[in-house]
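Trainee: This one is input_37.csv, CSV, C-alpha atoms.
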```csv
chain,number,residue,atom,x,y,z
A,1,MET,CA,125.7,98.6,-275.2
A,2,CYS,CA,128.0,96.1,-273.4
A,3,ARG,CA,130.3,97.5,-270.8
A,4,LEU,CA,134.0,96.6,-270.6
A,5,PHE,CA,136.3,97.1,-267.6
A,6,GLY,CA,139.9,95.9,-267.2
A,7,LEU,CA,142.4,96.7,-264.4
A,8,SER,CA,146.0,95.8,-263.9
A,9,SER,CA,148.1,96.4,-260.7
A,10,ALA,CA,150.8,93.9,-261.8
A,11,PRO,CA,153.2,92.8,-260.6
A,12,GLN,CA,151.4,93.5,-257.3
A,13,ARG,CA,148.2,91.8,-256.4
A,14,GLY,CA,145.3,94.1,-255.7
A,15,ARG,CA,142.0,93.6,-253.8
A,16,ALA,CA,138.9,95.1,-255.3
A,17,THR,CA,135.1,94.9,-254.7
A,18,PHE,CA,132.9,94.8,-257.8
A,19,TRP,CA,129.2,95.5,-258.1
A,20,LEU,CA,128.5,94.4,-261.7
A,21,LEU,CA,124.9,95.7,-261.6
A,22,ASP,CA,123.4,98.1,-259.1
A,23,ALA,CA,119.8,97.5,-257.9
A,24,PRO,CA,117.6,99.9,-259.9
A,25,ASP,CA,115.1,102.3,-258.4
A,26,SER,CA,111.6,102.4,-260.0
A,27,LEU,CA,112.4,105.5,-262.1
A,28,SER,CA,115.7,104.3,-263.5
A,29,ARG,CA,114.2,100.9,-264.3
A,30,GLN,CA,111.6,102.5,-266.5
A,31,SER,CA,114.3,104.3,-268.6
A,32,ARG,CA,116.4,101.3,-269.5
A,33,HIS,CA,116.2,97.6,-270.3
A,34,ASP,CA,118.0,95.0,-268.2
A,35,PRO,CA,121.3,93.6,-269.4
A,36,ASP,CA,121.6,90.0,-270.5
A,37,GLY,CA,124.5,88.9,-268.4
A,38,THR,CA,127.4,89.9,-266.1
A,39,GLY,CA,130.8,88.4,-265.5
A,40,LEU,CA,134.0,89.0,-263.6
A,41,GLY,CA,137.4,87.4,-264.4
A,42,TYR,CA,140.6,87.3,-262.3
A,43,PHE,CA,143.6,85.1,-261.4
A,44,ALA,CA,144.6,83.1,-258.3
A,45,PRO,CA,148.2,83.5,-257.0
A,46,ASP,CA,149.3,80.5,-259.0
A,47,GLY,CA,147.9,82.0,-262.2
A,48,THR,CA,144.7,79.8,-262.4
A,49,PRO,CA,141.9,81.8,-264.1
A,50,HIS,CA,138.6,82.2,-262.3
A,51,VAL,CA,135.4,83.4,-263.9
A,52,ASP,CA,132.2,84.3,-262.0
A,53,LYS,CA,129.4,84.9,-264.4
A,54,ALA,CA,125.7,84.4,-265.0
A,55,PRO,CA,123.1,85.4,-267.6
A,56,ILE,CA,120.3,87.7,-266.5
A,57,ALA,CA,117.4,85.3,-267.3
A,58,ALA,CA,115.7,85.0,-263.9
A,59,TYR,CA,115.4,86.8,-260.5
A,60,GLN,CA,118.3,84.8,-259.0
A,61,ASP,CA,120.5,85.9,-261.9
A,62,ARG,CA,119.9,89.6,-261.2
A,63,ALA,CA,120.6,88.9,-257.5
A,64,PHE,CA,123.9,87.3,-258.5
A,65,ALA,CA,124.8,90.4,-260.5
A,66,GLU,CA,123.9,92.8,-257.7
A,67,GLU,CA,125.9,91.0,-255.1
A,68,ALA,CA,129.2,92.6,-254.0
A,69,ARG,CA,132.2,90.4,-255.1
A,70,GLU,CA,135.5,91.0,-253.4
A,71,VAL,CA,138.4,89.4,-255.2
A,72,GLU,CA,142.2,89.6,-255.3
A,73,SER,CA,144.3,89.4,-258.5
A,74,THR,CA,147.0,91.2,-260.5
A,75,THR,CA,144.6,91.7,-263.3
A,76,PHE,CA,140.8,91.9,-263.5
A,77,LEU,CA,138.2,91.8,-266.2
A,78,ALA,CA,134.5,92.7,-265.8
A,79,HIS,CA,131.7,92.7,-268.4
A,80,VAL,CA,128.0,93.6,-268.6
A,81,ARG,CA,126.4,92.0,-271.6
A,82,TYR,CA,123.7,93.1,-274.0
A,83,ALA,CA,123.2,90.1,-276.3
A,84,SER,CA,123.6,90.5,-280.0
A,85,THR,CA,124.1,86.8,-280.8
A,86,GLY,CA,123.5,83.7,-278.6
A,87,SER,CA,120.9,82.8,-276.0
A,88,LEU,CA,120.7,83.9,-272.4
A,89,ASP,CA,123.0,81.2,-271.1
A,90,ALA,CA,126.1,81.0,-269.0
A,91,ARG,CA,128.1,79.7,-271.9
A,92,ASN,CA,127.3,82.8,-273.9
A,93,THR,CA,128.2,85.2,-271.0
A,94,HIS,CA,131.5,87.0,-270.9
A,95,PRO,CA,134.3,86.8,-269.9
A,96,PHE,CA,135.5,83.7,-271.8
A,97,GLU,CA,138.5,81.6,-270.9
A,98,GLN,CA,140.8,79.9,-273.4
A,99,GLU,CA,144.3,78.5,-272.8
A,100,GLY,CA,144.6,80.4,-269.5
A,101,ARG,CA,143.6,83.8,-270.9
A,102,LEU,CA,140.4,85.8,-270.2
A,103,PHE,CA,138.6,87.8,-272.8
A,104,ALA,CA,135.5,90.1,-273.3
A,105,HIS,CA,134.2,91.9,-276.3
A,106,ASN,CA,131.8,94.7,-277.2
A,107,GLY,CA,130.6,94.8,-280.8
A,108,VAL,CA,129.1,92.8,-283.6
A,109,ILE,CA,130.6,90.5,-286.2
A,110,GLU,CA,128.5,88.9,-288.9
A,111,ASP,CA,128.8,86.1,-291.4
A,112,LEU,CA,129.7,83.7,-288.6
A,113,GLY,CA,129.5,80.7,-291.1
A,114,ARG,CA,132.6,82.1,-292.9
A,115,LEU,CA,134.3,82.7,-289.6
A,116,ASP,CA,133.6,79.1,-288.5
A,117,GLU,CA,135.0,77.9,-291.8
A,118,HIS,CA,138.2,80.0,-291.3
A,119,LEU,CA,138.5,78.6,-287.7
A,120,GLY,CA,138.4,75.0,-288.9
A,121,GLN,CA,139.4,72.6,-286.1
A,122,ASP,CA,139.9,75.6,-283.8
A,123,ARG,CA,136.1,76.0,-283.8
A,124,ALA,CA,136.3,73.4,-281.0
A,125,LEU,CA,137.5,76.1,-278.7
A,126,VAL,CA,134.0,77.7,-278.9
A,127,ARG,CA,131.5,76.4,-276.3
A,128,GLY,CA,128.7,78.8,-277.0
A,129,ASP,CA,127.0,80.6,-279.9
A,130,THR,CA,128.4,84.1,-279.8
A,131,ASP,CA,130.5,86.1,-282.3
A,132,SER,CA,132.7,87.2,-279.4
A,133,GLU,CA,133.8,83.7,-278.4
A,134,ARG,CA,134.6,82.9,-282.1
A,135,PHE,CA,136.6,86.1,-282.3
A,136,PHE,CA,138.5,84.9,-279.2
A,137,ALA,CA,139.1,81.5,-280.7
A,138,LEU,CA,140.7,83.2,-283.8
A,139,ILE,CA,142.9,85.3,-281.5
A,140,THR,CA,143.9,82.2,-279.5
A,141,ARG,CA,144.9,80.4,-282.8
A,142,GLU,CA,146.9,83.4,-284.0
A,143,ILE,CA,148.7,83.7,-280.7
A,144,ARG,CA,149.7,80.1,-281.0
A,145,ASP,CA,150.8,80.6,-284.6
A,146,HIS,CA,152.9,83.6,-283.6
A,147,GLY,CA,154.8,81.8,-280.9
A,148,GLY,CA,152.8,83.0,-278.0
A,149,ASP,CA,153.0,86.7,-279.0
A,150,ILE,CA,149.6,88.0,-277.7
A,151,THR,CA,150.0,91.4,-279.3
A,152,ALA,CA,150.7,89.9,-282.7
A,153,GLY,CA,147.9,87.4,-282.3
A,154,ILE,CA,145.2,90.0,-281.6
A,155,GLY,CA,146.4,92.2,-284.4
A,156,HIS,CA,146.4,89.4,-287.0
A,157,ALA,CA,143.0,88.1,-285.9
A,158,ALA,CA,141.4,91.5,-285.9
A,159,ARG,CA,142.8,92.4,-289.3
A,160,TRP,CA,141.5,89.2,-290.8
A,161,ILE,CA,138.0,89.9,-289.5
A,162,ALA,CA,138.1,93.5,-290.6
A,163,GLY,CA,139.2,92.5,-294.0
A,164,HIS,CA,136.8,89.6,-294.6
A,165,LEU,CA,133.6,89.9,-292.5
A,166,PRO,CA,130.9,92.5,-291.9
A,167,VAL,CA,131.9,94.4,-288.7
A,168,TYR,CA,130.1,96.9,-286.4
A,169,ALA,CA,132.8,97.0,-283.6
A,170,LEU,CA,135.6,94.9,-282.3
A,171,ASN,CA,136.4,96.6,-278.9
A,172,LEU,CA,138.0,94.0,-276.6
A,173,VAL,CA,139.9,93.5,-273.3
A,174,LEU,CA,142.1,90.4,-272.8
A,175,ILE,CA,144.0,89.6,-269.6
A,176,THR,CA,146.7,87.2,-268.4
A,177,PRO,CA,148.1,87.1,-264.8
A,178,GLY,CA,150.8,89.6,-265.9
A,179,GLY,CA,149.3,91.5,-268.8
A,180,LEU,CA,146.3,93.4,-270.1
A,181,TRP,CA,145.5,94.1,-273.8
A,182,ALA,CA,142.7,96.4,-275.1
A,183,LEU,CA,141.7,97.1,-278.7
A,184,ARG,CA,139.3,99.9,-279.9
A,185,TYR,CA,138.1,99.4,-283.5
A,186,PRO,CA,136.8,101.3,-285.4
A,187,ASP,CA,135.4,104.5,-283.8
A,188,THR,CA,132.0,103.1,-283.2
A,189,HIS,CA,132.3,102.7,-279.4
A,190,GLU,CA,134.5,104.6,-277.0
A,191,LEU,CA,137.2,102.9,-274.9
A,192,TYR,CA,139.2,104.8,-272.3
A,193,VAL,CA,142.5,104.2,-270.5
A,194,LEU,CA,143.7,105.7,-267.2
A,195,ARG,CA,147.2,105.4,-265.8
A,196,ARG,CA,146.5,105.8,-262.1
A,197,PRO,CA,149.4,106.5,-259.7
A,198,ALA,CA,149.2,105.1,-256.2
A,199,GLY,CA,146.5,106.9,-254.4
A,200,GLY,CA,145.1,108.7,-257.5
A,201,PRO,CA,146.0,112.1,-258.8
A,202,HIS,CA,146.2,113.7,-255.3
A,203,GLY,CA,147.7,110.7,-253.4
A,204,GLY,CA,146.3,108.6,-250.6
A,205,ARG,CA,142.9,108.0,-252.2
A,206,HIS,CA,141.3,104.6,-252.7
A,207,LEU,CA,139.9,103.7,-256.1
A,208,ASP,CA,136.2,104.2,-256.5
A,209,HIS,CA,134.9,103.9,-260.1
A,210,SER,CA,131.2,104.0,-261.1
A,211,GLY,CA,129.7,103.5,-264.5
A,212,SER,CA,126.8,105.6,-265.7
A,213,ARG,CA,123.2,104.5,-265.1
A,214,GLY,CA,124.1,102.1,-262.4
A,215,ARG,CA,125.8,99.5,-264.5
A,216,MET,CA,129.0,98.8,-262.7
A,217,ARG,CA,131.0,100.0,-259.7
A,218,VAL,CA,134.5,99.1,-258.6
A,219,HIS,CA,136.0,100.0,-255.2
A,220,SER,CA,139.5,99.3,-253.9
A,221,GLN,CA,140.9,100.6,-250.7
A,222,ASN,CA,144.0,98.5,-251.5
A,223,LEU,CA,144.9,100.8,-254.5
A,224,ALA,CA,145.4,103.8,-252.2
A,225,GLY,CA,148.9,102.6,-252.0
A,226,LYS,CA,149.4,100.9,-255.4
A,227,PRO,CA,149.5,102.1,-259.0
A,228,ALA,CA,147.2,100.7,-261.6
A,229,VAL,CA,146.1,101.0,-265.2
A,230,VAL,CA,142.4,100.9,-266.0
A,231,VAL,CA,140.6,100.4,-269.3
A,232,ALA,CA,136.8,101.1,-269.5
A,233,SER,CA,134.0,101.8,-271.9
A,234,GLU,CA,133.5,105.1,-270.3
A,235,ARG,CA,135.2,107.5,-267.9
A,236,MET,CA,134.3,106.2,-264.5
A,237,ASP,CA,135.4,109.1,-262.2
A,238,ASP,CA,136.4,112.7,-262.5
A,239,ASN,CA,140.1,112.1,-263.0
A,240,PRO,CA,141.2,114.3,-265.8
A,241,GLU,CA,143.8,111.8,-267.0
A,242,TRP,CA,141.4,109.4,-268.7
A,243,ARG,CA,142.4,109.1,-272.4
A,244,LEU,CA,140.2,108.1,-275.2
A,245,MET,CA,141.9,105.4,-277.2
A,246,GLU,CA,142.3,106.0,-281.0
A,247,PRO,CA,140.4,103.9,-283.5
A,248,GLY,CA,142.5,100.9,-284.4
A,249,GLU,CA,144.7,101.3,-281.3
A,250,LEU,CA,145.9,98.2,-279.5
A,251,LEU,CA,147.1,98.9,-276.0
A,252,HIS,CA,149.4,96.5,-274.0
A,253,VAL,CA,149.9,96.9,-270.3
A,254,GLY,CA,153.0,94.9,-269.3
A,255,PRO,CA,153.8,93.0,-266.1
A,256,ASP,CA,155.5,96.2,-264.7
A,257,LEU,CA,152.5,98.4,-265.7
A,258,SER,CA,154.5,99.9,-268.6
A,259,THR,CA,152.1,100.7,-271.5
A,260,THR,CA,152.7,100.5,-275.2
A,261,SER,CA,150.3,101.3,-278.0
A,262,SER,CA,150.3,100.6,-281.7
A,263,THR,CA,147.9,101.2,-284.5
A,264,VAL,CA,147.2,97.7,-285.8
A,265,LEU,CA,144.1,98.6,-287.8
A,266,PRO,CA,144.7,101.9,-289.7
A,267,ASP,CA,141.9,101.3,-292.2
A,268,ALA,CA,138.1,101.1,-291.9
A,269,PRO,CA,136.5,97.7,-292.1
A,270,ALA,CA,136.1,96.4,-295.6
A,271,ARG,CA,132.4,95.8,-294.8
A,272,ARG,CA,131.5,98.3,-292.1
A,273,LEU,CA,128.0,97.9,-290.6
A,274,THR,CA,125.7,100.6,-289.3
A,275,LEU,CA,122.9,100.3,-286.8
A,276,ALA,CA,120.5,100.2,-289.7
A,277,ASP,CA,122.2,97.1,-291.1
A,278,LEU,CA,121.9,95.1,-287.8
A,279,ARG,CA,119.1,92.7,-286.8
A,280,PRO,CA,116.8,94.5,-284.2
A,281,GLU,CA,118.2,92.6,-281.3
A,282,ALA,CA,121.8,93.2,-282.3
A,283,ALA,CA,121.1,96.9,-282.9
A,284,ALA,CA,119.5,97.2,-279.4
A,285,SER,CA,122.6,95.6,-277.9
A,286,GLN,CA,124.8,98.3,-279.3
A,287,THR,CA,122.9,101.4,-278.2
A,288,VAL,CA,123.6,103.2,-274.9
A,289,ALA,CA,121.3,101.7,-272.3
```
Represent the structure from my file as structure tokens, please.
Mentor:
Amino acid sequence: MCRLFGLSSAPQRGRATFWLLDAPDSLSRQSRHDPDGTGLGYFAPDGTPHVDKAPIAAYQDRAFAEEAREVESTTFLAHVRYASTGSLDARNTHPFEQEGRLFAHNGVIEDLGRLDEHLGQDRALVRGDTDSERFFALITREIRDHGGDITAGIGHAARWIAGHLPVYALNLVLITPGGLWALRYPDTHELYVLRRPAGGPHGGRHLDHSGSRGRMRVHSQNLAGKPAVVVASERMDDNPEWRLMEPGELLHVGPDLSTTSSTVLPDAPARRLTLADLRPEAAASQTVA
């Protein structure tokens, strides 16, 4: 399945090195299929969003994904994609940018024709073919309609989709220069949050997080002296403070690293999909690689 990773050290800028995809050895390569894209999003000091991403469609794309990327930002967003909809193309690779915000999603939404109809003229925000970017466009519209309230925009968009469209999962991470939002819905996929004090649980330690099966690694010497909040699809170290988010929980990490949570989706999707309901390629994208 897709891997999500978000980190905030706001209001302080942190420096971190990301390996979005480790080079596989011959044995590990036999036990898993390659992802379909990788991407990293972050912000310049003036708040300008930056996205480095590529599909995994050729040898040079895998080389891009394996390269160490050292970046500085207040918030970070990384994603490893297993495609459920859309071709292997940069425009279909996460993270996506809209109106200065960055977004990545893990899940499947179907009946995209109805979603396009609901988006109306805001369908123009979507440059690719994915359900994820359409979901983001609906969030962007709802944020605008709610006076810039990102928490309200995510909640309203997710509730409309859960009430009207077939849904397998809507896990997401959205970042701005000063904030991070994460939604887990329903209980299909896990999503964890870690409030990390400066130096980790014992103090003085750098951050070194590794995903399972060589899918993502994040290292930050800089965070030995700065607190941070991390959101990830899996526990990425042995820190006992990782917390599994509740189904329907929307987490907001503020510009001072304060965290608030609310249950914005208390009910199951009106049309909940199972793996057996999905097209073979979509089902493959949602299983653990």
Trainee: Residues at most 6 Å from stretch 105-109 of chain A, counting only C-alpha atoms, excluding those fewer than 4 positions away in the same chain, as an mmCIF file with C-alpha atoms, keeping the file's coordinate frame?
Mentor:
```cif
data_model
loop_
_atom_site.group_PDB
_atom_site.id
_atom_site.type_symbol
_atom_site.label_atom_id
_atom_site.label_comp_id
_atom_site.auth_asym_id
_atom_site.auth_seq_id
_atom_site.Cartn_x
_atom_site.Cartn_y
_atom_site.Cartn_z
ATOM 1 C CA CYS A 2 128.000 96.100 -273.400
ATOM 2 C CA ASP A 131 130.500 86.100 -282.300
ATOM 3 C CA SER A 132 132.700 87.200 -279.400
ATOM 4 C CA VAL A 167 131.900 94.400 -288.700
ATOM 5 C CA TYR A 168 130.100 96.900 -286.400
ATOM 6 C CA ALA A 169 132.800 97.000 -283.600
ATOM 7 C CA LEU A 170 135.600 94.900 -282.300
ATOM 8 C CA ASN A 171 136.400 96.600 -278.900
ATOM 9 C CA LEU A 172 138.000 94.000 -276.600
#
```
Trainee: Using all atoms listed in the file, which protein or nucleic acid residues come within 7 Å of A:Thr38? Drop anything in the same chain fewer than 2 positions from it, and give the result as a list in words.
Mentor: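 Those residues are Leu20, Lys53, Ala54, Pro55, Ala65, His79, Val80, Arg81, Thr93 and His94 of chain A.
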Trainee: May I ask which of the residues A:His118, A:His164, A:Arg3, A:His50 is the closest one to A:Arg271, counting all atoms listed in the file?
Mentor: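 Of all the options, A:His164 lies closest to A:Arg271.
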Trainee: Quick one: pull the distance between atom CA of A:Pro280 and atom CA of A:Gly128, Å, one decimal.
Mentor: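 Calculated distance between atom CA of A:Pro280 and atom CA of A:Gly128 is 21.0 Å.
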Trainee: Would you please work out which residue, of A:Thr48, A:Thr74, A:Ser233, A:Thr151, is nearest to A:Leu250 when using all atoms listed in the file?
Mentor: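 Nearest to A:Leu250: A:Thr151.
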Trainee: Kindly provide, as a ChimeraX atom specification, the polymer residues lying within 10 Å of (142.0, 105.0, -275.9), counting all atoms listed in the file and using the coordinates exactly as they appear in the file.
Mentor: /A:182-184,190-194,231-233,242-251,261
Trainee: In Å to one decimal, how far is atom CA of A:Gly41 from atom CA of A:Pro201?
Mentor: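 Value for the atom CA of A:Pro201-atom CA of A:Gly41 distance: 26.7 Å.
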Trainee: With all atoms listed in the file counted, which protein, DNA or RNA residues have an atom no more than 10 Å from (150.0, 91.1, -284.3) in the file frame? Please answer as a compact mmCIF listing (two decimals) with C-alpha atoms, in the frame of the given file.
Mentor:
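Result written to out_35.txt:
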```
# COMPACT_ATOMS: atom_id res chain seq x y z
CA ILE A 139 142.90 85.30 -281.50
CA GLU A 142 146.90 83.40 -284.00
CA ILE A 143 148.70 83.70 -280.70
CA HIS A 146 152.90 83.60 -283.60
CA ASP A 149 153.00 86.70 -279.00
CA ILE A 150 149.60 88.00 -277.70
CA THR A 151 150.00 91.40 -279.30
CA ALA A 152 150.70 89.90 -282.70
CA GLY A 153 147.90 87.40 -282.30
CA ILE A 154 145.20 90.00 -281.60
CA GLY A 155 146.40 92.20 -284.40
CA HIS A 156 146.40 89.40 -287.00
CA ALA A 157 143.00 88.10 -285.90
CA ALA A 158 141.40 91.50 -285.90
CA ARG A 159 142.80 92.40 -289.30
CA LEU A 250 145.90 98.20 -279.50
CA SER A 262 150.30 100.60 -281.70
CA VAL A 264 147.20 97.70 -285.80
```
Trainee: Between atom CA of A:Val173 and atom CA of A:Gly254, what distance in Å does the model show, to one decimal?
Mentor: 13.8 Å
Trainee: Choose the residue, out of A:Glu72, A:Asp116, A:Glu133, A:Glu110, that has the smallest atom-to-atom separation from A:Gln98; count only C-alpha atoms.
Mentor: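 Closest candidate: A:Glu133.
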Trainee: Using all atoms listed in the file, find the one residue out of A:Gly37, A:Gly14, A:Gly199, A:Pro269 that sits nearest to A:Glu70.
Mentor: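 Once distances to A:Glu70 are computed over all atoms listed in the file, the minimum belongs to A:Gly14.
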Trainee: Can you pull out the residues contacting A:Thr17? Cut-off 12 Å, using all atoms listed in the file, and skip same-chain residues under 3 positions away; I want them as a tab-separated table (two decimals) with C-alpha atoms, in the frame of the given file.
Mentor:
```
chain	number	residue	atom	x	y	z
A	14	GLY	CA	145.30	94.10	-255.70
A	20	LEU	CA	128.50	94.40	-261.70
A	40	LEU	CA	134.00	89.00	-263.60
A	66	GLU	CA	123.90	92.80	-257.70
A	67	GLU	CA	125.90	91.00	-255.10
A	68	ALA	CA	129.20	92.60	-254.00
A	69	ARG	CA	132.20	90.40	-255.10
A	70	GLU	CA	135.50	91.00	-253.40
A	71	VAL	CA	138.40	89.40	-255.20
A	72	GLU	CA	142.20	89.60	-255.30
A	73	SER	CA	144.30	89.40	-258.50
A	76	PHE	CA	140.80	91.90	-263.50
A	78	ALA	CA	134.50	92.70	-265.80
A	206	HIS	CA	141.30	104.60	-252.70
A	207	LEU	CA	139.90	103.70	-256.10
A	208	ASP	CA	136.20	104.20	-256.50
A	209	HIS	CA	134.90	103.90	-260.10
A	210	SER	CA	131.20	104.00	-261.10
A	216	MET	CA	129.00	98.80	-262.70
A	217	ARG	CA	131.00	100.00	-259.70
A	218	VAL	CA	134.50	99.10	-258.60
A	219	HIS	CA	136.00	100.00	-255.20
A	220	SER	CA	139.50	99.30	-253.90
A	221	GLN	CA	140.90	100.60	-250.70
A	222	ASN	CA	144.00	98.50	-251.50
A	223	LEU	CA	144.90	100.80	-254.50
```
Trainee: Ranking A:Phe5, A:Trp181, A:Trp160, A:Phe43 by minimum distance to A:Arg114 and counting all atoms listed in the file, which one comes first?
Mentor: A:Trp160
